[in-house]
Amino acid sequence: MEEKNQLLAEAARLRTEIRHHEYLYYVLDAPEITDAEYDRLMVRLREIESQWPEEVPEDSPTRRVGGKVSPEFTEVRHLTPLLSLSNAFSEAELRAFDERVHNGLPAGSKVEYVMEPKIDGLACSLIYENGRLVRAATRGDGVVGENVTANVRTIRSIPLILKAPAGQELPELFDVRGEVYMPRHEFMRLNEERAEAGESEFANPRNAAAGSLRQLDPQVTAKRSLSFFAYYVGDGAKERHSDSLAMLTGYGFKVSENYRLVSSIDEALEYISEFNEKRAGLSYDTDGAVIKVNDVYQQRILGATGKDPRWAIAFKYPPEQAETTMEDIVWRVGRTGVLTPTAVLTPVKLSGSTVSRATLHNVDFIKEKDIRIGDRVIINKAGEIIPEVLRVVAEKRSGEETPVEIPAVCPECGWQVERPENEAAIRCTNPHCPALGREGLIHFVSRDAMNIEGCGPSVINQLMDTGLVKDAADLYNLTRDDLVQLERMGEKSADNLLQALEASKENEMDRLLFALGIRHVGAKVARLLATEFGSMEKLLTAEPEQLAAIRDIGSKIAESVVTWLSVPANRDLLERLAAAGLKMDFTAQAADTANPLYGKTLVFTGTLPTLGRAEAKTMAQDAGAKVSGSVSKKTDYVVAGAEAGSKLEKAQQLGVTVIDEAEFLQMLHGASKEAE
């Protein structure tokens with residue numbers, strides 16, 4: 001009992017420490033520790049929590065990324081209506097708003113306004129009970145929204161438990177409103193990945209944020225790196241809105257650093273003008289500024305009309321466009337060989353910067369808009385970030401414009417390109433294209449692949465530019481002398497990188513398969529292949545029919561894998577990686593046949609206390625179990641967590657044994673359920 005109490009106390013300290021570091025990293029952008037140190041804290045916390053899952057609080061950092069997959073979002077009623085704002089588009093409309101405010105208040109009332117950026121994201125309401133997040137919902141119709149609690153819990157700038165300022169008690173009920181958004185750098189990364197995969201790109205960060213927040217699988221949301229700005233307090237508000245914003249900061253929320261208290265409509269207009277010049281340089285999208293009456297008592301007097309409060313209004317900046325000439329089109333080659341067209345423009349000022357290039361997305365986009373070299377075109381910044389061609393000014397054509405020539409060969413290496421059926425993307429067919437090599441190496445060392453810390457894009461670029469590295473196998477031949485000659489690479493950094501390379505050799509075969517960058521082979525497919533074949537040697541001899549017969553693989557993925565493995569240079573790369581000491585087998589294949597879960601079929605449902613869905617599934621598969629997504633008479637166990645739904649009901653109807661996470665972990669470690 002004494003040991004348990006000591007470990008539970010350690011877990012409590014770890015949770016406090018991890019929350020502190022999450023606040024520094026995701027809210028203040030001022031981390032104190034490295035990612036590796038943070039990961040070690042999380043691993044230790046999970047180790048302790050797995051021993052006593054019943055002791056794990058709902059707000060533990062390990063519950064951030066749950067594995068719950070909801071069949072649909074349930075509706076929830078907001079505690080108070082989540083109002084939308086009416087819009088103003090001119091100075092005259094803002095002055096009219098100011099006049100209405102003064103007319104609606106007692107004569108002689110002094111009015112202060114709080115000016116805030118209008119974040120271009122998705123409105124969300126958060127409910128805290130005694131300082132703990134219990135519910136999150138989208139705006140919906142303002143009265144009823146969708147319950148997106150599981151997804152919101154993955155957003156690390158949202159505290160799961162509020163910070164209590166010194167000498168203050170947390171409110172019993174706290175209703176926070178704010179905006180879920182996608183940072184610009186994340187939007188660009190996500191669209192680049194989708195383009196490489198031949199998928200449609202998101203039009204702007206707002207659409208990307210909305211699509212990410214409404215994913216049925218929270219683990220997909222977690223990978224999108226969403227963020228959150230708090231901008232309003234419902235229940236629990238201070239007497240002045242500016243004080244509520246300060247309170248939100250004290251509780252651990254991220255509040256826009258660009259809000260300002262002003263004393264007149266003239267000062268409000270000055271803010272709007274100044275912010276318009278500043279907003280292009282922000283890390284997030286804005287499409288206007290919001291003006292709010294600061295005094296909450298005055299807000300109540302003014303009230304609302306319909307769904308719009310009379311005490312606030314949004315000023316929308318006009319979308320800035322520019323006309324210029326399409327001088328040329330260049331094609332960039334990405335990691336998977338996709339050729340992306342970019343317009344070369346006569347430089348023109350747009351949204352505070354000089355634009356000389358714009359995205360053209362793909363071949364279909366060019367054809368649809370009938371874009372030609374020499375055209376006069378109208379451009380804007382899609383989502384305030386990426387310059388995009390809106391349309392051609394066809395009436396200004398002189399007849400000398402030339403149609404865009406779609407490349408028949410790769411601009412990087414000269415090899416033939418192809419356009420697979422039903423895809424908008426064209427691809428380079430050369431597996432040794434220099435562009436593929438550079439982007440492929442960046443993927444190989446990334447966290448989800450081989451996780452070689454300290455080997456980011458800038459290091460990869462230097463290694464390739466100096467000729468030290470041409471492919472992934474060359475990484476494992478690097479020496480300290482090789483590395484210290486690189487820019488900003490001291491002896492300690494060089495030693496850390498060499499240690500990271502050595503540690504990566506212990507990764508299982510599935511991580512290596514994913515790292516190789518085989519088209520259509522993501523982490524899940526890599527795991528399926530590693531589990532099925534158990535070694536690279538067996539996979540190399542597999543026929544397409546064998547691969548296609550594996551559940552969730554199919555002929556398209558099978559053909560891609562077999563094609564990649566059939567290339568002599570790729571086989572040579574695998575041989576060199578094996579010679580360097582990387583694992584070419586999958587140890588989980590050799591599961592203990594005496595384990596109670598070996599050969600059993602499991603279904604996971606609901607939110608488990610400490611384990612994410614993917615983690616629990618992997619643990620079961622490593623023990624030799626099969627994991628299914630649906631319950632049938634052939635199901636041996638249903639592992640049920642909180643908020644288990646129809647799968648639990650069906651299991652009870654069919655008489656399937658239902659166990660919880662603790663029982664699952666006991667069986668995983670050899671304790672038979674039947675023996676109990």
# chains A, B, ... in the order shown; residues from 1 in each chain; ligands from 1
$ residues_around --residues "range 573-584 of chain A" --least-positions-apart "4" --cutoff "9 Å" --atoms "only C-alpha atoms" --output "MDAnalysis selection string"
chainID A and resid 471:474 476:477 502 504:509 512 534:537 568:569
$ select_by_dssp --residues "range 34-257 of chain A" --states "alpha helix (DSSP H)" --output "MDAnalysis selection string"
chainID A and resid 35:51 91:103 149:152 184:196 205:213 218:222 241:250
$ residues_around --residues "Val627 in chain A" --least-positions-apart "6" --cutoff "10 Å" --atoms "only C-alpha atoms" --output "PyMOL selection string"
chain A and resi 600-604+616-618+620-621+635+637-638
$ write_last_selection --atoms "C-alpha atoms" --output "short mmCIF file (atom, residue, chain, number, x, y, z; two decimals), in the first residue's frame"
data_model
loop_
_atom_site.label_atom_id
_atom_site.label_comp_id
_atom_site.auth_asym_id
_atom_site.auth_seq_id
_atom_site.Cartn_x
_atom_site.Cartn_y
_atom_site.Cartn_z
CA LYS A 600 -9.01 -14.02 -29.63
CA THR A 601 -11.11 -11.40 -31.41
CA LEU A 602 -11.51 -8.12 -29.56
CA VAL A 603 -13.61 -5.02 -30.12
CA PHE A 604 -12.81 -1.74 -28.36
CA ALA A 616 -4.78 -0.50 -27.03
CA LYS A 617 -5.24 -2.03 -30.47
CA THR A 618 -1.48 -2.32 -30.97
CA ALA A 620 -3.74 -6.50 -28.35
CA GLN A 621 -2.26 -7.29 -31.75
CA THR A 635 -16.23 -11.72 -30.97
CA TYR A 637 -14.26 -9.85 -25.79
CA VAL A 638 -15.58 -6.32 -25.97
#
$ closest_residue --among "A:Gly655, A:Arg310, A:Leu82, A:Thr286" --to "Ala96 in chain A" --atoms "only C-alpha atoms"
A:Arg310
$ residues_around --residues "range 166-171 of chain A" --least-positions-apart "3" --cutoff "8 Å" --atoms "only C-alpha atoms" --output "ChimeraX atom specification"
/A:129-131,162,174,236
$ residues_around --residues "range 240-257 of chain A" --least-positions-apart "5" --cutoff "9 Å" --atoms "only C-alpha atoms" --output "PyMOL selection string"
chain A and resi 23+26-28+114+116-117+157-159+161-165+170+176+227-233+292-297
$ closest_residue --among "A:His102, A:Lys647, A:Arg77, A:Arg156" --to "Thr62 in chain A" --atoms "only C-alpha atoms"
A:Arg156
$ residues_around --residues "range 450-465 of chain A" --least-positions-apart "3" --cutoff "7 Å" --atoms "only C-alpha atoms" --output "MDAnalysis selection string"
chainID A and resid 442 444:447 468:470 486 497 500:501 504 507 511:512 515
$ closest_residue --among "A:Glu274, A:Val561, A:Ala523, A:Met489" --to "Leu539 in chain A" --atoms "only C-alpha atoms"
A:Val561
$ decode --residues "range 423-468 of chain A" --atoms "N, CA and C atoms" --output "compact mmCIF listing (two decimals), in the first residue's frame"
# COMPACT_ATOMS: atom_id res chain seq x y z
N GLU A 423 -7.07 10.62 -60.80
CA GLU A 423 -6.30 11.51 -59.94
C GLU A 423 -6.02 12.82 -60.68
N ALA A 424 -5.98 13.90 -59.91
CA ALA A 424 -5.68 15.21 -60.50
C ALA A 424 -4.18 15.42 -60.62
N ALA A 425 -3.39 14.64 -59.89
CA ALA A 425 -1.94 14.86 -59.82
C ALA A 425 -1.21 14.10 -60.91
N ILE A 426 -0.11 14.70 -61.40
CA ILE A 426 0.82 13.98 -62.27
C ILE A 426 2.09 13.75 -61.46
N ARG A 427 2.78 12.64 -61.73
CA ARG A 427 3.89 12.23 -60.89
C ARG A 427 5.12 11.86 -61.72
N CYS A 428 6.27 12.08 -61.12
CA CYS A 428 7.53 11.61 -61.68
C CYS A 428 7.65 10.12 -61.40
N THR A 429 8.09 9.34 -62.40
CA THR A 429 8.18 7.89 -62.23
C THR A 429 9.58 7.43 -61.84
N ASN A 430 10.50 8.38 -61.69
CA ASN A 430 11.88 8.03 -61.34
C ASN A 430 12.04 7.91 -59.83
N PRO A 431 12.27 6.71 -59.31
CA PRO A 431 12.41 6.55 -57.85
C PRO A 431 13.65 7.24 -57.28
N HIS A 432 14.59 7.66 -58.17
CA HIS A 432 15.81 8.30 -57.71
C HIS A 432 15.86 9.77 -58.09
N CYS A 433 14.71 10.34 -58.33
CA CYS A 433 14.65 11.77 -58.63
C CYS A 433 15.24 12.55 -57.45
N PRO A 434 16.13 13.52 -57.70
CA PRO A 434 16.73 14.28 -56.60
C PRO A 434 15.71 14.92 -55.67
N ALA A 435 14.59 15.42 -56.24
CA ALA A 435 13.57 16.06 -55.40
C ALA A 435 12.94 15.06 -54.45
N LEU A 436 12.69 13.84 -54.96
CA LEU A 436 12.10 12.80 -54.12
C LEU A 436 13.06 12.43 -52.99
N GLY A 437 14.36 12.40 -53.33
CA GLY A 437 15.34 12.01 -52.32
C GLY A 437 15.38 12.97 -51.16
N ARG A 438 15.37 14.26 -51.45
CA ARG A 438 15.45 15.26 -50.38
C ARG A 438 14.20 15.21 -49.50
N GLU A 439 13.03 15.27 -50.13
CA GLU A 439 11.78 15.24 -49.35
C GLU A 439 11.60 13.89 -48.66
N GLY A 440 12.05 12.83 -49.33
CA GLY A 440 11.92 11.50 -48.73
C GLY A 440 12.77 11.34 -47.48
N LEU A 441 13.95 11.94 -47.48
CA LEU A 441 14.81 11.88 -46.29
C LEU A 441 14.21 12.65 -45.13
N ILE A 442 13.62 13.79 -45.43
CA ILE A 442 12.96 14.57 -44.38
C ILE A 442 11.84 13.76 -43.74
N HIS A 443 11.11 13.02 -44.57
CA HIS A 443 10.06 12.14 -44.04
C HIS A 443 10.67 10.98 -43.24
N PHE A 444 11.75 10.40 -43.74
CA PHE A 444 12.37 9.24 -43.09
C PHE A 444 12.75 9.53 -41.65
N VAL A 445 13.29 10.72 -41.39
CA VAL A 445 13.78 11.04 -40.04
C VAL A 445 12.69 11.63 -39.14
N SER A 446 11.49 11.86 -39.68
CA SER A 446 10.43 12.54 -38.91
C SER A 446 9.98 11.71 -37.72
N ARG A 447 9.28 12.37 -36.81
CA ARG A 447 8.90 11.73 -35.54
C ARG A 447 8.06 10.48 -35.74
N ASP A 448 7.06 10.53 -36.64
CA ASP A 448 6.18 9.38 -36.83
C ASP A 448 6.85 8.25 -37.61
N ALA A 449 7.99 8.56 -38.24
CA ALA A 449 8.72 7.54 -38.98
C ALA A 449 9.84 6.99 -38.10
N MET A 450 11.11 7.29 -38.42
CA MET A 450 12.21 6.74 -37.62
C MET A 450 12.53 7.57 -36.38
N ASN A 451 11.95 8.75 -36.29
CA ASN A 451 12.07 9.59 -35.09
C ASN A 451 13.53 9.87 -34.73
N ILE A 452 14.26 10.45 -35.68
CA ILE A 452 15.67 10.78 -35.46
C ILE A 452 15.75 12.25 -35.07
N GLU A 453 15.75 12.48 -33.77
CA GLU A 453 15.73 13.85 -33.27
C GLU A 453 17.03 14.57 -33.59
N GLY A 454 16.91 15.86 -33.96
CA GLY A 454 18.08 16.66 -34.29
C GLY A 454 18.48 16.58 -35.74
N CYS A 455 17.63 15.94 -36.56
CA CYS A 455 17.94 15.77 -37.98
C CYS A 455 16.80 16.34 -38.81
N GLY A 456 16.53 17.63 -38.62
CA GLY A 456 15.43 18.27 -39.32
C GLY A 456 15.79 18.66 -40.75
N PRO A 457 14.88 19.37 -41.43
CA PRO A 457 15.09 19.74 -42.83
C PRO A 457 16.38 20.49 -43.09
N SER A 458 16.75 21.43 -42.20
CA SER A 458 17.96 22.20 -42.45
C SER A 458 19.20 21.31 -42.41
N VAL A 459 19.22 20.34 -41.49
CA VAL A 459 20.35 19.41 -41.41
C VAL A 459 20.38 18.51 -42.65
N ILE A 460 19.21 18.01 -43.04
CA ILE A 460 19.13 17.17 -44.24
C ILE A 460 19.64 17.92 -45.46
N ASN A 461 19.22 19.17 -45.60
CA ASN A 461 19.67 19.97 -46.75
C ASN A 461 21.19 20.10 -46.77
N GLN A 462 21.78 20.36 -45.60
CA GLN A 462 23.24 20.49 -45.54
C GLN A 462 23.94 19.17 -45.84
N LEU A 463 23.41 18.08 -45.31
CA LEU A 463 24.01 16.77 -45.54
C LEU A 463 23.99 16.41 -47.02
N MET A 464 22.89 16.76 -47.70
CA MET A 464 22.80 16.44 -49.13
C MET A 464 23.64 17.41 -49.97
N ASP A 465 23.63 18.68 -49.59
CA ASP A 465 24.39 19.67 -50.36
C ASP A 465 25.90 19.41 -50.29
N THR A 466 26.36 18.89 -49.15
CA THR A 466 27.80 18.61 -48.99
C THR A 466 28.18 17.23 -49.54
N GLY A 467 27.16 16.45 -49.97
CA GLY A 467 27.43 15.13 -50.52
C GLY A 467 27.66 14.05 -49.48
N LEU A 468 27.46 14.38 -48.20
CA LEU A 468 27.65 13.38 -47.15
C LEU A 468 26.56 12.31 -47.17
